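See structure below.
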Amino acid sequence: MAKVPAAAVAASGLVGGYAIARWTKKRPLGGVALAAAGSVAAYEWNRQAGPRAATALTTAYVVAFAGSHPLAKKLGAWPAVFTVAGTVAAASWAVTRRAA
């Protein structure tokens, strides 16, 4: 199986979770996708950079999700989601790149 970077998994979880919730009109379904991707990313962060980095990046993932809501009031929903997804992906890449 090809290795997918944790940064891509985390960004996809934020974008995909929102897309699923929006298009199905079932917010819990989007939450399942968000949580599943977050769990996979956290596992990879722990494996690649250790538990401290995994905890910090998982916290950033959750804060990004929560922060996208007030940010959406200023930028719009999709721009907010893409902004936080990009931020988490960049942080993930920076942390896991140093650990490699």
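Each chain in the structure tokens gets a letter, A, B and so on, in the order shown; residues start at 1 in every chain, and ligands are counted from 1 in the order they appear.
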Quick one: residues within 8 Å of Tyr61 (chain A), only C-alpha atoms counted, chain neighbours fewer than 3 positions away excluded, as a list in words? Ala10, Gly38, Leu57, Thr58, Ala64, Phe65 and Val88 of chain A
Go ahead and dump the residues you just picked, N, CA and C atoms, as a PDB file, in the first residue's frame.
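Output file result-v6.pdb is given in full below:
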ATOM      1  N   ALA A  10      -4.725  14.736   7.214  1.00  0.00           N
ATOM      2  CA  ALA A  10      -5.332  15.736   8.090  1.00  0.00           C
ATOM      3  C   ALA A  10      -6.102  16.789   7.289  1.00  0.00           C
ATOM      4  N   GLY A  38      -8.678  12.247  11.442  1.00  0.00           N
ATOM      5  CA  GLY A  38      -7.869  12.721  12.563  1.00  0.00           C
ATOM      6  C   GLY A  38      -7.183  11.587  13.296  1.00  0.00           C
ATOM      7  N   LEU A  57       0.032  18.181  17.333  1.00  0.00           N
ATOM      8  CA  LEU A  57      -0.629  18.250  16.028  1.00  0.00           C
ATOM      9  C   LEU A  57      -2.100  17.855  16.111  1.00  0.00           C
ATOM     10  N   THR A  58      -2.431  16.908  16.961  1.00  0.00           N
ATOM     11  CA  THR A  58      -3.841  16.547  17.147  1.00  0.00           C
ATOM     12  C   THR A  58      -4.601  17.708  17.768  1.00  0.00           C
ATOM     13  N   ALA A  64      -8.155  23.797  14.840  1.00  0.00           N
ATOM     14  CA  ALA A  64      -8.440  24.263  13.480  1.00  0.00           C
ATOM     15  C   ALA A  64      -9.905  24.028  13.129  1.00  0.00           C
ATOM     16  N   PHE A  65     -10.410  22.850  13.482  1.00  0.00           N
ATOM     17  CA  PHE A  65     -11.821  22.563  13.233  1.00  0.00           C
ATOM     18  C   PHE A  65     -12.702  23.576  13.955  1.00  0.00           C
ATOM     19  N   VAL A  88      -3.008  23.343   9.046  1.00  0.00           N
ATOM     20  CA  VAL A  88      -2.704  22.070   9.710  1.00  0.00           C
ATOM     21  C   VAL A  88      -1.758  21.235   8.850  1.00  0.00           C
TER      22      VAL A  88
END
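Residues in contact with Ala6 (chain A) at 7 Å, where only C-alpha atoms are counted and same-chain residues fewer than 6 positions away are skipped, are listed as Ala41, Glu44, Trp45 and Ser92 of chain A.
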With only C-alpha atoms as the counted atoms, please give the residues lying no more than 12 Å from Val40 (chain A), apart from itself and same-chain residues fewer than 2 positions off, as a ChimeraX atom specification. /A:3-13,33-38,42-47,54,58
note - CA of Arg97 (chain A) and CA of Val84 (chain A) are separated by 19.6 Å
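The space separating CA of Ala94 (chain A) from CA of Ala49 (chain A) comes to 10.6 Å.
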For Leu71 (chain A), find every residue with an atom within 7 Å (counting only C-alpha atoms), except residues of its own chain fewer than 4 positions away, and show them as number ranges by chain. A: 67, 75, 80
Quick one: write out the picked residues with N, CA, C and O atoms as a compact mmCIF listing (two decimals), in the first residue's frame?
# COMPACT_ATOMS: atom_id res chain seq x y z
N GLY A 67 -11.83 26.51 15.13
CA GLY A 67 -11.55 27.86 14.65
C GLY A 67 -12.12 28.16 13.28
O GLY A 67 -12.31 29.33 12.92
N LEU A 75 -14.64 35.00 6.41
CA LEU A 75 -14.14 34.67 5.07
C LEU A 75 -15.15 33.95 4.19
O LEU A 75 -15.01 33.93 2.98
N ALA A 80 -12.64 29.42 4.74
CA ALA A 80 -12.22 29.13 6.11
C ALA A 80 -11.73 27.69 6.23
O ALA A 80 -10.69 27.42 6.85
Nearest candidate to Thr59 (chain A) (options A:Thr96, A:Thr24, A:Val15, A:Ala91; using only C-alpha atoms): A:Ala91
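Distances here use only C-alpha atoms; by that measure, the residue among A:Val95, A:Arg27, A:Ala66, A:Leu14 closest to Phe82 (chain A) is A:Leu14.
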